[in-house]
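Shown next: query_13.cif, containing mmCIF, C-alpha atoms and all ligand atoms.
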data_data
#
loop_
_atom_site.label_atom_id
_atom_site.label_comp_id
_atom_site.auth_asym_id
_atom_site.auth_seq_id
_atom_site.Cartn_x
_atom_site.Cartn_y
_atom_site.Cartn_z
CA MET A 1474 162.42 76.64 -170.05
CA ASP A 1475 165.71 75.50 -168.51
CA ILE A 1476 166.74 72.75 -170.94
CA ALA A 1477 169.91 71.85 -169.05
CA LYS A 1478 167.93 71.37 -165.83
CA ARG A 1479 165.32 69.18 -167.54
CA ALA A 1480 168.02 67.08 -169.25
CA LYS A 1481 169.77 66.54 -165.91
CA GLU A 1482 166.47 65.36 -164.44
CA LEU A 1483 166.27 62.85 -167.30
CA SER A 1484 169.84 61.67 -166.76
CA GLU A 1485 168.76 58.50 -165.00
CA TYR A 1486 166.31 57.68 -167.81
CA ILE A 1487 168.97 58.26 -170.49
CA ILE A 1488 171.49 56.08 -168.66
CA SER A 1489 168.93 53.29 -168.19
CA ILE A 1490 168.24 53.19 -171.95
CA ARG A 1491 171.95 53.20 -172.73
CA ARG A 1492 172.48 50.25 -170.36
CA GLU A 1493 169.52 48.32 -171.74
CA LEU A 1494 170.87 48.65 -175.29
CA HIS A 1495 174.43 48.01 -174.19
CA SER A 1496 173.44 44.61 -172.84
CA CYS A 1497 171.86 43.46 -176.13
CA PRO A 1498 174.04 44.75 -178.98
CA GLU A 1499 173.11 44.00 -182.58
CA ILE A 1500 175.05 44.75 -185.74
CA ASP A 1501 174.71 45.94 -189.32
CA HIS A 1502 171.11 46.07 -190.58
CA ASP A 1503 169.93 43.30 -188.25
CA LEU A 1504 168.62 45.19 -185.20
CA PRO A 1505 165.17 43.85 -184.21
CA VAL A 1506 165.63 44.17 -180.42
CA THR A 1507 167.14 47.65 -180.67
CA GLU A 1508 164.28 48.68 -182.94
CA SER A 1509 161.69 47.39 -180.46
CA VAL A 1510 163.27 49.26 -177.53
CA ILE A 1511 163.23 52.52 -179.51
CA ALA A 1512 159.65 51.97 -180.75
CA ARG A 1513 158.53 51.24 -177.17
CA GLU A 1514 160.03 54.49 -175.89
CA LEU A 1515 158.80 56.63 -178.80
CA SER A 1516 155.27 55.30 -178.33
CA LYS A 1517 155.17 56.98 -174.88
CA LEU A 1518 155.79 60.46 -176.30
CA GLY A 1519 152.62 61.14 -178.28
CA LEU A 1520 154.55 61.93 -181.48
CA ASP A 1521 152.73 62.71 -184.72
CA ASP A 1522 154.13 59.76 -186.61
CA VAL A 1523 156.41 56.80 -185.85
CA LYS A 1524 157.55 54.59 -188.71
CA SER A 1525 159.42 51.43 -187.81
CA GLY A 1526 160.57 48.70 -190.18
CA GLN A 1527 162.39 51.27 -192.32
CA GLY A 1528 165.76 51.14 -194.08
CA SER A 1529 166.62 47.51 -194.70
CA GLY A 1530 164.05 46.40 -192.11
CA HIS A 1531 164.83 47.79 -188.64
CA GLY A 1532 165.34 51.53 -189.03
CA ILE A 1533 162.92 53.96 -187.40
CA TYR A 1534 161.97 57.54 -188.04
CA ALA A 1535 159.46 59.64 -186.17
CA THR A 1536 157.98 63.11 -186.53
CA LEU A 1537 157.09 65.79 -184.00
CA ASN A 1538 155.24 68.91 -185.17
CA GLY A 1539 155.80 72.00 -183.06
CA LYS A 1540 153.08 74.61 -182.48
CA ARG A 1541 155.22 77.48 -183.79
CA ASP A 1542 156.24 78.19 -187.38
CA GLY A 1543 159.54 76.90 -188.62
CA ASP A 1544 161.32 74.57 -191.00
CA VAL A 1545 162.07 70.86 -190.71
CA LEU A 1546 165.06 69.65 -188.74
CA ALA A 1547 166.24 66.03 -188.68
CA ILE A 1548 168.31 64.65 -185.80
CA ARG A 1549 170.02 61.37 -186.53
CA SER A 1550 171.28 58.65 -184.22
CA ASP A 1551 172.98 55.47 -185.37
CA MET A 1552 172.17 52.34 -183.37
CA ASP A 1553 174.42 49.48 -184.51
CA ALA A 1554 177.15 47.74 -182.49
CA LEU A 1555 180.32 45.93 -183.61
CA PRO A 1556 181.49 42.33 -183.98
CA VAL A 1557 183.78 42.75 -180.95
CA LYS A 1558 183.71 40.47 -177.88
CA GLU A 1559 183.26 42.75 -174.87
CA ASN A 1560 185.90 42.62 -172.17
CA THR A 1561 184.69 45.06 -169.51
CA ASP A 1562 183.50 44.40 -165.97
CA LEU A 1563 180.30 46.37 -166.47
CA PRO A 1564 177.26 44.76 -164.81
CA PHE A 1565 175.34 45.39 -168.04
CA ALA A 1566 178.08 44.06 -170.34
CA SER A 1567 177.12 42.27 -173.54
CA GLN A 1568 176.44 38.55 -173.24
CA ASN A 1569 176.77 37.81 -176.96
CA ASN A 1570 179.70 38.22 -179.36
CA PHE A 1571 178.85 41.80 -180.29
CA MET A 1572 179.57 45.01 -178.42
CA HIS A 1573 178.54 48.65 -178.36
CA ALA A 1574 182.20 49.67 -178.61
CA CYS A 1575 181.57 52.95 -180.42
CA GLY A 1576 178.92 54.55 -178.19
CA HIS A 1577 175.94 54.17 -180.51
CA ASP A 1578 173.92 52.85 -177.54
CA ALA A 1579 174.45 56.28 -175.95
CA HIS A 1580 173.48 58.03 -179.19
CA VAL A 1581 170.07 56.33 -179.11
CA ALA A 1582 169.64 57.11 -175.41
CA MET A 1583 170.52 60.80 -175.88
CA LEU A 1584 168.21 61.19 -178.86
CA LEU A 1585 165.35 59.56 -176.92
CA GLY A 1586 166.09 61.98 -174.08
CA ALA A 1587 165.97 64.91 -176.52
CA ALA A 1588 162.73 63.59 -178.06
CA ARG A 1589 161.19 63.46 -174.60
CA ILE A 1590 162.18 67.06 -173.80
CA LEU A 1591 160.89 68.27 -177.18
CA SER A 1592 157.59 66.40 -176.90
CA GLU A 1593 157.02 68.26 -173.61
CA GLN A 1594 157.81 71.58 -175.34
CA ARG A 1595 155.50 71.34 -178.37
CA GLU A 1596 154.02 74.79 -177.67
CA GLU A 1597 157.47 76.38 -177.89
CA LEU A 1598 158.87 74.20 -180.66
CA PRO A 1599 159.31 75.92 -184.04
CA GLY A 1600 158.61 73.80 -187.12
CA THR A 1601 159.00 70.05 -187.23
CA VAL A 1602 161.58 67.65 -185.87
CA ARG A 1603 162.26 64.33 -187.57
CA PHE A 1604 164.05 61.77 -185.37
CA ILE A 1605 166.06 59.25 -187.39
CA PHE A 1606 167.40 56.02 -185.87
CA GLN A 1607 169.55 54.37 -188.51
CA PRO A 1608 171.15 50.93 -188.77
CA ALA A 1609 174.53 50.03 -190.32
CA GLU A 1610 176.72 53.05 -189.63
CA GLU A 1611 179.77 50.88 -188.97
CA THR A 1612 179.24 48.77 -192.09
CA ILE A 1613 178.13 51.81 -194.17
CA GLY A 1614 174.83 51.77 -195.98
CA GLY A 1615 172.45 52.56 -193.14
CA ALA A 1616 172.09 56.24 -194.03
CA THR A 1617 171.42 55.46 -197.68
CA SER A 1618 168.82 52.85 -196.72
CA MET A 1619 167.00 55.40 -194.52
CA ILE A 1620 167.09 58.07 -197.24
CA LYS A 1621 165.58 55.52 -199.64
CA SER A 1622 162.85 54.84 -197.08
CA GLY A 1623 161.85 58.50 -197.15
CA ALA A 1624 163.43 59.64 -193.87
CA LEU A 1625 164.16 63.06 -195.41
CA GLU A 1626 160.68 63.52 -196.93
CA ASN A 1627 157.04 64.22 -195.98
CA PRO A 1628 157.64 66.87 -194.93
CA GLU A 1629 160.84 67.68 -196.76
CA VAL A 1630 163.71 67.96 -194.27
CA ASN A 1631 165.73 71.22 -194.53
CA GLU A 1632 168.71 70.45 -192.31
CA ILE A 1633 170.17 67.55 -190.33
CA ILE A 1634 172.37 67.29 -187.25
CA ALA A 1635 173.92 64.44 -185.26
CA ILE A 1636 176.41 63.93 -182.48
CA HIS A 1637 179.07 61.30 -181.98
CA THR A 1638 180.02 60.66 -178.38
CA GLY A 1639 183.13 59.10 -176.86
CA ASN A 1640 186.79 60.11 -177.02
CA LEU A 1641 187.30 60.52 -180.78
CA TRP A 1642 188.81 63.98 -180.23
CA SER A 1643 191.09 64.47 -177.25
CA GLY A 1644 191.23 67.66 -175.26
CA VAL A 1645 187.46 68.30 -175.17
CA ALA A 1646 186.14 68.54 -171.61
CA PRO A 1647 183.78 65.66 -170.67
CA GLY A 1648 180.20 66.69 -171.43
CA ALA A 1649 181.25 69.49 -173.83
CA ILE A 1650 180.21 69.70 -177.47
CA GLY A 1651 183.01 69.92 -180.03
CA PHE A 1652 182.04 71.89 -183.12
CA ARG A 1653 183.81 72.66 -186.37
CA ALA A 1654 182.79 74.46 -189.57
CA GLY A 1655 183.79 72.72 -192.81
CA ALA A 1656 185.77 69.46 -192.82
CA MET A 1657 184.79 67.27 -189.85
CA MET A 1658 185.48 63.68 -190.92
CA ALA A 1659 187.39 62.25 -193.85
CA ALA A 1660 186.24 60.74 -197.12
CA THR A 1661 187.41 57.18 -197.74
CA ASN A 1662 187.81 55.57 -201.13
CA ALA A 1663 189.05 51.98 -201.27
CA PHE A 1664 189.90 50.17 -204.48
CA LYS A 1665 191.20 46.94 -205.93
CA ILE A 1666 193.77 47.04 -208.72
CA THR A 1667 194.27 44.04 -210.99
CA LEU A 1668 197.33 44.21 -213.23
CA HIS A 1669 197.23 41.84 -216.18
CA GLY A 1670 200.50 40.71 -217.80
CA HIS A 1671 201.63 37.66 -219.69
CA GLY A 1672 203.26 34.89 -217.66
CA GLY A 1673 206.35 32.89 -218.53
CA HIS A 1674 209.84 31.82 -217.51
CA GLY A 1675 211.85 34.10 -215.24
CA ALA A 1676 214.90 33.52 -217.45
CA THR A 1677 213.21 34.92 -220.57
CA PRO A 1678 211.46 38.12 -219.44
CA HIS A 1679 211.47 39.46 -223.04
CA LEU A 1680 208.88 36.83 -223.92
CA THR A 1681 206.56 37.90 -221.07
CA VAL A 1682 204.78 40.96 -219.68
CA ASP A 1683 205.65 41.15 -215.97
CA PRO A 1684 202.80 42.39 -213.70
CA ILE A 1685 205.08 42.45 -210.63
CA VAL A 1686 207.35 45.07 -212.18
CA MET A 1687 204.18 46.92 -213.18
CA ALA A 1688 203.05 46.83 -209.53
CA ALA A 1689 206.33 48.35 -208.34
CA GLU A 1690 205.86 51.22 -210.76
CA VAL A 1691 202.21 51.67 -209.72
CA ILE A 1692 203.06 51.85 -206.00
CA SER A 1693 205.57 54.66 -206.37
CA GLU A 1694 203.52 56.56 -208.96
CA LEU A 1695 200.44 56.50 -206.66
CA GLN A 1696 202.46 58.12 -203.85
CA THR A 1697 203.59 60.75 -206.36
CA LEU A 1698 199.93 61.72 -206.88
CA ILE A 1699 199.82 62.79 -203.23
CA SER A 1700 203.19 64.58 -203.24
CA ARG A 1701 202.98 66.27 -206.68
CA GLU A 1702 199.32 66.75 -207.59
CA ILE A 1703 197.57 67.60 -204.33
CA ASN A 1704 197.75 71.00 -202.66
CA PRO A 1705 199.82 70.43 -199.47
CA PHE A 1706 197.27 72.51 -197.51
CA ASP A 1707 194.50 70.14 -198.59
CA PRO A 1708 195.64 66.94 -196.89
CA ALA A 1709 195.24 63.47 -198.36
CA VAL A 1710 196.82 60.11 -197.63
CA LEU A 1711 197.10 57.01 -199.82
CA THR A 1712 198.05 53.52 -198.67
CA VAL A 1713 198.58 50.32 -200.62
CA GLY A 1714 197.72 47.84 -197.90
CA ARG A 1715 197.84 44.56 -199.74
CA ILE A 1716 199.65 43.12 -202.73
CA GLU A 1717 199.45 39.61 -204.04
CA GLY A 1718 200.97 38.08 -207.16
CA GLY A 1719 203.25 35.31 -208.38
CA THR A 1720 204.02 31.81 -207.14
CA ALA A 1721 207.77 31.10 -207.41
CA HIS A 1722 211.15 32.77 -207.96
CA ASN A 1723 211.49 31.63 -211.56
CA ILE A 1724 207.93 32.21 -212.78
CA ILE A 1725 206.68 35.49 -214.16
CA ALA A 1726 203.06 35.82 -213.04
CA GLU A 1727 200.02 36.31 -215.20
CA SER A 1728 198.53 38.93 -212.92
CA CYS A 1729 199.00 40.83 -209.69
CA GLU A 1730 196.32 42.17 -207.37
CA MET A 1731 196.53 45.12 -204.96
CA ARG A 1732 194.19 46.71 -202.46
CA ALA A 1733 194.58 50.33 -201.53
CA MET A 1734 192.72 53.32 -200.13
CA PHE A 1735 192.97 57.05 -199.93
CA ARG A 1736 191.45 59.50 -197.48
CA ALA A 1737 190.87 63.16 -198.10
CA PHE A 1738 188.77 65.95 -196.62
CA SER A 1739 187.88 68.10 -199.58
CA PRO A 1740 185.38 66.49 -201.99
CA LYS A 1741 187.36 68.09 -204.84
CA VAL A 1742 190.54 66.30 -203.78
CA ALA A 1743 188.69 62.97 -203.44
CA GLU A 1744 187.22 63.40 -206.95
CA LEU A 1745 190.58 64.35 -208.41
CA LEU A 1746 192.35 61.41 -206.77
CA LYS A 1747 189.71 58.99 -208.00
CA GLU A 1748 190.23 60.13 -211.57
CA ARG A 1749 194.02 60.23 -211.32
CA VAL A 1750 194.33 56.79 -209.66
CA VAL A 1751 192.49 55.17 -212.57
CA ALA A 1752 194.43 57.12 -215.22
CA THR A 1753 197.80 56.45 -213.55
CA VAL A 1754 197.27 52.72 -213.08
CA LYS A 1755 195.88 52.15 -216.57
CA GLY A 1756 198.59 54.36 -218.11
CA ILE A 1757 201.43 52.47 -216.43
CA ALA A 1758 199.96 49.11 -217.38
CA LYS A 1759 199.56 50.18 -220.99
CA THR A 1760 203.08 51.61 -221.24
CA MET A 1761 204.42 48.33 -219.94
CA ARG A 1762 202.39 46.33 -222.52
CA GLY A 1763 199.83 45.06 -220.03
CA SER A 1764 196.40 46.19 -218.89
CA ALA A 1765 194.68 47.02 -215.61
CA ASP A 1766 191.30 47.11 -213.93
CA VAL A 1767 190.54 49.47 -211.03
CA ASP A 1768 187.42 48.73 -209.00
CA PHE A 1769 186.31 51.06 -206.22
CA PHE A 1770 184.56 49.00 -203.54
CA LEU A 1771 184.14 51.67 -200.86
CA ASP A 1772 183.26 55.29 -201.51
CA ILE A 1773 182.34 57.35 -198.44
CA PRO A 1774 182.20 61.12 -198.87
CA ALA A 1775 183.71 63.48 -196.29
CA VAL A 1776 181.54 64.93 -193.54
CA MET A 1777 181.58 68.64 -194.42
CA ASN A 1778 179.79 70.67 -191.75
CA ASP A 1779 177.65 73.57 -192.87
CA LYS A 1780 179.22 76.69 -191.37
CA ASN A 1781 175.94 78.34 -190.28
CA ILE A 1782 174.66 75.18 -188.62
CA ALA A 1783 177.96 74.59 -186.81
CA LEU A 1784 177.99 78.16 -185.50
CA LYS A 1785 174.30 78.07 -184.58
CA MET A 1786 174.99 75.00 -182.45
CA ARG A 1787 177.87 76.81 -180.75
CA ASN A 1788 175.58 79.72 -179.87
CA VAL A 1789 172.69 77.53 -178.75
CA VAL A 1790 174.94 75.39 -176.53
CA SER A 1791 176.65 78.46 -175.04
CA GLU A 1792 173.29 80.08 -174.23
CA SER A 1793 171.53 76.97 -172.95
CA LEU A 1794 174.31 75.07 -171.17
CA GLY A 1795 177.10 77.62 -170.68
CA SER A 1796 179.97 78.75 -172.90
CA GLU A 1797 182.31 76.14 -171.41
CA TYR A 1798 180.12 73.47 -173.06
CA ALA A 1799 180.94 74.65 -176.63
CA GLN A 1800 184.50 73.94 -177.72
CA GLU A 1801 185.91 74.49 -181.19
CA LEU A 1802 187.78 71.50 -182.64
CA GLU A 1803 191.10 72.46 -184.20
CA LEU A 1804 191.38 69.52 -186.55
CA PRO A 1805 189.01 67.14 -188.32
CA SER A 1806 189.18 63.37 -187.79
CA SER A 1807 190.59 60.94 -190.38
CA VAL A 1808 187.81 58.48 -189.49
CA SER A 1809 184.84 58.29 -191.91
CA GLU A 1810 181.14 58.49 -191.03
CA ASP A 1811 178.05 57.23 -192.81
CA PHE A 1812 176.38 60.55 -191.83
CA ALA A 1813 178.16 61.99 -194.89
CA PHE A 1814 175.47 60.49 -197.13
CA TYR A 1815 172.75 62.72 -195.62
CA LEU A 1816 174.98 65.72 -196.27
CA GLN A 1817 175.06 64.79 -199.97
CA LYS A 1818 171.32 65.62 -199.93
CA ILE A 1819 170.82 68.48 -197.46
CA PRO A 1820 172.98 70.82 -195.35
CA GLY A 1821 173.85 69.68 -191.86
CA ALA A 1822 176.55 69.16 -189.29
CA LEU A 1823 177.94 66.44 -187.09
CA PHE A 1824 179.11 67.37 -183.61
CA PHE A 1825 181.36 65.65 -181.12
CA HIS A 1826 180.15 64.99 -177.58
CA SER A 1827 182.93 64.15 -175.16
CA ALA A 1828 182.17 61.28 -172.81
CA ALA A 1829 185.83 60.62 -172.11
CA LEU A 1830 186.64 58.83 -168.87
CA SER A 1831 189.48 59.85 -166.58
CA GLU A 1832 193.11 59.03 -167.46
CA GLY A 1833 193.83 55.34 -167.42
CA HIS A 1834 190.20 54.37 -168.04
CA ASN A 1835 190.00 55.51 -171.64
CA TYR A 1836 190.19 52.91 -174.38
CA PRO A 1837 189.91 53.66 -178.09
CA HIS A 1838 186.64 53.25 -179.96
CA HIS A 1839 186.19 49.64 -181.22
CA ASN A 1840 188.36 48.30 -178.36
CA PRO A 1841 186.89 45.43 -176.23
CA LYS A 1842 187.31 47.62 -173.13
CA PHE A 1843 185.76 50.79 -174.61
CA ASP A 1844 183.46 52.63 -172.23
CA ILE A 1845 182.02 56.10 -171.75
CA ASP A 1846 181.31 58.44 -168.86
CA GLU A 1847 177.54 58.08 -168.54
CA SER A 1848 177.25 61.11 -166.28
CA THR A 1849 177.90 63.31 -169.35
CA LEU A 1850 175.00 62.01 -171.45
CA TRP A 1851 172.47 64.62 -170.28
CA SER A 1852 174.47 67.36 -172.07
CA GLY A 1853 174.23 65.53 -175.40
CA ALA A 1854 170.44 65.27 -175.05
CA ALA A 1855 170.25 68.89 -173.89
CA SER A 1856 172.29 70.17 -176.86
CA LEU A 1857 170.12 68.35 -179.41
CA ALA A 1858 166.90 69.56 -177.78
CA ALA A 1859 168.25 73.11 -177.40
CA TYR A 1860 169.19 73.22 -181.08
CA ALA A 1861 165.70 72.14 -182.11
CA LEU A 1862 164.05 74.72 -179.83
CA ARG A 1863 166.39 77.67 -180.39
CA ARG A 1864 167.98 77.23 -183.80
ZN ZN A 1901 182.69 53.07 -184.83
ZN ZN A 1902 180.61 55.35 -184.17
#

Represent the structure contained in this file as structure tokens.
Amino acid sequence: MDIAKRAKELSEYIISIRRELHSCPEIDHDLPVTESVIARELSKLGLDDVKSGQGSGHGIYATLNGKRDGDVLAIRSDMDALPVKENTDLPFASQNNFMHACGHDAHVAMLLGAARILSEQREELPGTVRFIFQPAEETIGGATSMIKSGALENPEVNEIIAIHTGNLWSGVAPGAIGFRAGAMMAATNAFKITLHGHGGHGATPHLTVDPIVMAAEVISELQTLISREINPFDPAVLTVGRIEGGTAHNIIAESCEMRAMFRAFSPKVAELLKERVVATVKGIAKTMRGSADVDFFLDIPAVMNDKNIALKMRNVVSESLGSEYAQELELPSSVSEDFAFYLQKIPGALFFHSAALSEGHNYPHHNPKFDIDESTLWSGAASLAAYALRR
């Protein structure tokens, strides 16, 4: 079967779904219209099982059993938009205050295209394919909610893949698949530090414990963690983005609050930094006669691509679409992805699909003018279907 040819024939269908979803964006876990569009399309395919109402209410997963022996592959698409007011001239632009400014509308459309190709190829399909449509990628939590709903069970899923479209990586030809073994997207850990001192008069510091001086020490010591304790070939970055404490020039504050984050690629580095941030902050506070609390409020693991799966995709894409459609990515992205939570459970890989527009028409993801080159979407659907058929 010529998968590329079939996907090109479905191009119009894929684009029409993308446009339909683009015009009615929904965010976070609250995606009833998106869910109903996906359920409507899946119901036409004669799949073995379609479960809607999953996750925190609007996630969907569906199952297709092939006629040949094989294991269980999951393909995941996110489906949430962003609280961004669209500012494009597209005839199908959003009419509400949300926008598909990250391409998740196209992810759904491409996965529906792939599901359609695979449902036509049951006789040739090895094993089982589980299609996962998850909410809340942007807000984080959608993947976990789907895992809790059983999206990786009955039957037990052995591996998972996904693609992210758009212009996240530059230099990849439009329509090509960017692959990478190992680190693909960064881990993010964000935390709040509260430094507790003992307030008093600025003229008598010996009668107080000054949390502002403590904060100064904490800021430089945290940077020293990156420069002195992390292998320079294992990159990490730490930023204190917010600091708040004190009220007037002559008052020593009771407490001082800071918000900070670090990003790393290796899970080992993220674990080490987590431990060392807490020890460093508490140690400084104690030495300076105060105390500290460190609360992590965001903890997203890195997307670490399984080497075999990444290379299998390269081979499958080269064979089915042409070698020019498989491009190795030199560097990972410092953006984080909720897909990482599936990879905590089973091996898998995330791929990049370039839908970059020509020079001058490209806007960054999450920008009110963000758009994609729809004519490339067939290759995303073809790659997913080809992987399922020829993995
Ligand atoms: Zn995004
Ligand atoms: Zn995205």

- Task: May I ask which of the residues A:Val1557, A:Leu1546, A:Leu1784, A:Ile1590 is the closest one to A:Lys1478, counting all atoms listed in the file?
- Result: A:Ile1590

- Message: As a quick test: using only C-alpha atoms and all ligand atoms, which residues lie no more than 8 Å away from ligand ZN 1902 (chain A)? Give them as JSON, numbers by chain.
- Response: {"A": [1551, 1575, 1576, 1577, 1610, 1611, 1637, 1638, 1810, 1838]}

Output for the residues just chosen: C-alpha atoms as a PDB file, in the coordinates of the input:
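Written output follows (result-v2.pdb):
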ATOM      1  CA  ASP A1551     172.980  55.470-185.370  1.00  0.00           C
ATOM      2  CA  CYS A1575     181.570  52.950-180.420  1.00  0.00           C
ATOM      3  CA  GLY A1576     178.920  54.550-178.190  1.00  0.00           C
ATOM      4  CA  HIS A1577     175.940  54.170-180.510  1.00  0.00           C
ATOM      5  CA  GLU A1610     176.720  53.050-189.630  1.00  0.00           C
ATOM      6  CA  GLU A1611     179.770  50.880-188.970  1.00  0.00           C
ATOM      7  CA  HIS A1637     179.070  61.300-181.980  1.00  0.00           C
ATOM      8  CA  THR A1638     180.020  60.660-178.380  1.00  0.00           C
ATOM      9  CA  GLU A1810     181.140  58.490-191.030  1.00  0.00           C
ATOM     10  CA  HIS A1838     186.640  53.250-179.960  1.00  0.00           C
TER      11      HIS A1838
END

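Coordinates place atom CA of A:Asp1501 at a distance of 24.7 Å from atom CA of A:Pro1564.
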
- Of the residues A:Ser1809, A:Asn1569, A:Ser1739, A:Thr1661, which is the one nearest to ligand ZN 1901 (chain A), using all atoms listed in the file? A:Ser1809

- Out of A:Leu1598, A:Leu1555, A:Leu1698, A:Met1572, which residue has the shortest atom-to-atom distance to ligand ZN 1901 (chain A) when counting all atoms listed in the file? A:Leu1555

- Query: Nearest to ligand ZN 1901 (chain A) among A:His1531, A:His1573, A:Arg1513, A:His1679, with distances taken over only C-alpha atoms and all ligand atoms: which residue is it?
  - Reply: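 Closest candidate: A:His1573.
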
- Anything within 12 Å of (171.5, 55.0, -195.6): list those residues as a VMD selection string, counting only C-alpha atoms and sticking to the file's coordinates. chain A and resid 1501 to 1502 1527 to 1530 1532 to 1533 1549 to 1551 1605 to 1625 1773 1810 to 1818

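For the set A:Ser1489, A:Asn1778, A:Ser1827, A:Ser1496, the residue with the smallest atom-to-atom gap to A:Glu1559 is A:Ser1496, counting only C-alpha atoms.
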
- From A:Asn1723, A:Thr1681, A:Asn1788, A:Asn1640, residue lying nearest ligand ZN 1901 (chain A) [all atoms listed in the file]: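 Counting all atoms listed in the file, the residue closest to ligand ZN 1901 (chain A) is A:Asn1640.
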
Identify the residues around (153.2, 60.2, -177.7) within a radius of 12 Å, measuring from all atoms listed in the file in the coordinates stated by the file, and give them as a JSON list (two decimals) with C-alpha atoms, in the coordinates of the input.
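Wrote selection-v6.json, looks like this:
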[["chain", "number", "residue", "atom", "x", "y", "z"],
["A", 1512, "ALA", "CA", 159.65, 51.97, -180.75],
["A", 1513, "ARG", "CA", 158.53, 51.24, -177.17],
["A", 1514, "GLU", "CA", 160.03, 54.49, -175.89],
["A", 1515, "LEU", "CA", 158.80, 56.63, -178.80],
["A", 1516, "SER", "CA", 155.27, 55.30, -178.33],
["A", 1517, "LYS", "CA", 155.17, 56.98, -174.88],
["A", 1518, "LEU", "CA", 155.79, 60.46, -176.30],
["A", 1519, "GLY", "CA", 152.62, 61.14, -178.28],
["A", 1520, "LEU", "CA", 154.55, 61.93, -181.48],
["A", 1521, "ASP", "CA", 152.73, 62.71, -184.72],
["A", 1522, "ASP", "CA", 154.13, 59.76, -186.61],
["A", 1523, "VAL", "CA", 156.41, 56.80, -185.85],
["A", 1535, "ALA", "CA", 159.46, 59.64, -186.17],
["A", 1536, "THR", "CA", 157.98, 63.11, -186.53],
["A", 1537, "LEU", "CA", 157.09, 65.79, -184.00],
["A", 1538, "ASN", "CA", 155.24, 68.91, -185.17],
["A", 1588, "ALA", "CA", 162.73, 63.59, -178.06],
["A", 1589, "ARG", "CA", 161.19, 63.46, -174.60],
["A", 1590, "ILE", "CA", 162.18, 67.06, -173.80],
["A", 1591, "LEU", "CA", 160.89, 68.27, -177.18],
["A", 1592, "SER", "CA", 157.59, 66.40, -176.90],
["A", 1593, "GLU", "CA", 157.02, 68.26, -173.61],
["A", 1595, "ARG", "CA", 155.50, 71.34, -178.37]]

- Message: Using all atoms listed in the file, which protein or nucleic acid residues come within 8 Å of A:Ala1726? Drop anything in the same chain fewer than 4 positions from it, and give the result as JSON, numbers by chain.
- Response: {"A": [1670, 1671, 1672, 1673, 1683, 1684, 1685, 1718, 1719, 1720]}

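Atom CA of A:Ala1859 is found 14.5 Å from atom CA of A:Leu1483.
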
- Suppose you want the space between atom CA of A:Asn1781 and atom CA of A:Ala1654; what is it in Å?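 Spanning atom CA of A:Asn1781 to atom CA of A:Ala1654 is a straight-line distance of 7.9 Å.
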
- Message: Show me, as a ChimeraX atom specification, the residues that have an atom within 12 Å of A:Ser1567 when counting all atoms listed in the file, minus same-chain residues fewer than 4 positions from it.
- Response: /A:1492-1499,1554-1563,1571-1574,1578,1841-1842

Final N, CA and C atoms of stretch 1802-1812 of chain A as a short mmCIF file (atom, residue, chain, number, x, y, z; two decimals), keeping the file's coordinate frame:
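Result written to result.cif:
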data_model
loop_
_atom_site.label_atom_id
_atom_site.label_comp_id
_atom_site.auth_asym_id
_atom_site.auth_seq_id
_atom_site.Cartn_x
_atom_site.Cartn_y
_atom_site.Cartn_z
N LEU A 1802 186.79 72.54 -182.35
CA LEU A 1802 187.78 71.50 -182.64
C LEU A 1802 188.79 72.06 -183.64
N GLU A 1803 190.07 71.91 -183.31
CA GLU A 1803 191.10 72.46 -184.20
C GLU A 1803 191.20 71.68 -185.49
N LEU A 1804 191.13 70.36 -185.37
CA LEU A 1804 191.38 69.52 -186.55
C LEU A 1804 190.21 68.57 -186.79
N PRO A 1805 190.01 68.18 -188.05
CA PRO A 1805 189.01 67.14 -188.32
C PRO A 1805 189.56 65.76 -187.95
N SER A 1806 188.74 64.73 -188.08
CA SER A 1806 189.18 63.37 -187.79
C SER A 1806 189.38 62.62 -189.11
N SER A 1807 190.36 61.71 -189.15
CA SER A 1807 190.59 60.94 -190.38
C SER A 1807 189.70 59.70 -190.45
N VAL A 1808 188.81 59.54 -189.45
CA VAL A 1808 187.81 58.48 -189.49
C VAL A 1808 186.70 58.91 -190.45
N SER A 1809 185.98 57.94 -191.05
CA SER A 1809 184.84 58.29 -191.91
C SER A 1809 183.54 58.01 -191.19
N GLU A 1810 182.47 58.61 -191.66
CA GLU A 1810 181.14 58.49 -191.03
C GLU A 1810 180.06 58.39 -192.10
N ASP A 1811 179.17 57.45 -191.90
CA ASP A 1811 178.05 57.23 -192.81
C ASP A 1811 177.11 58.45 -192.87
N PHE A 1812 177.19 59.32 -191.86
CA PHE A 1812 176.38 60.55 -191.83
C PHE A 1812 176.62 61.39 -193.09
#
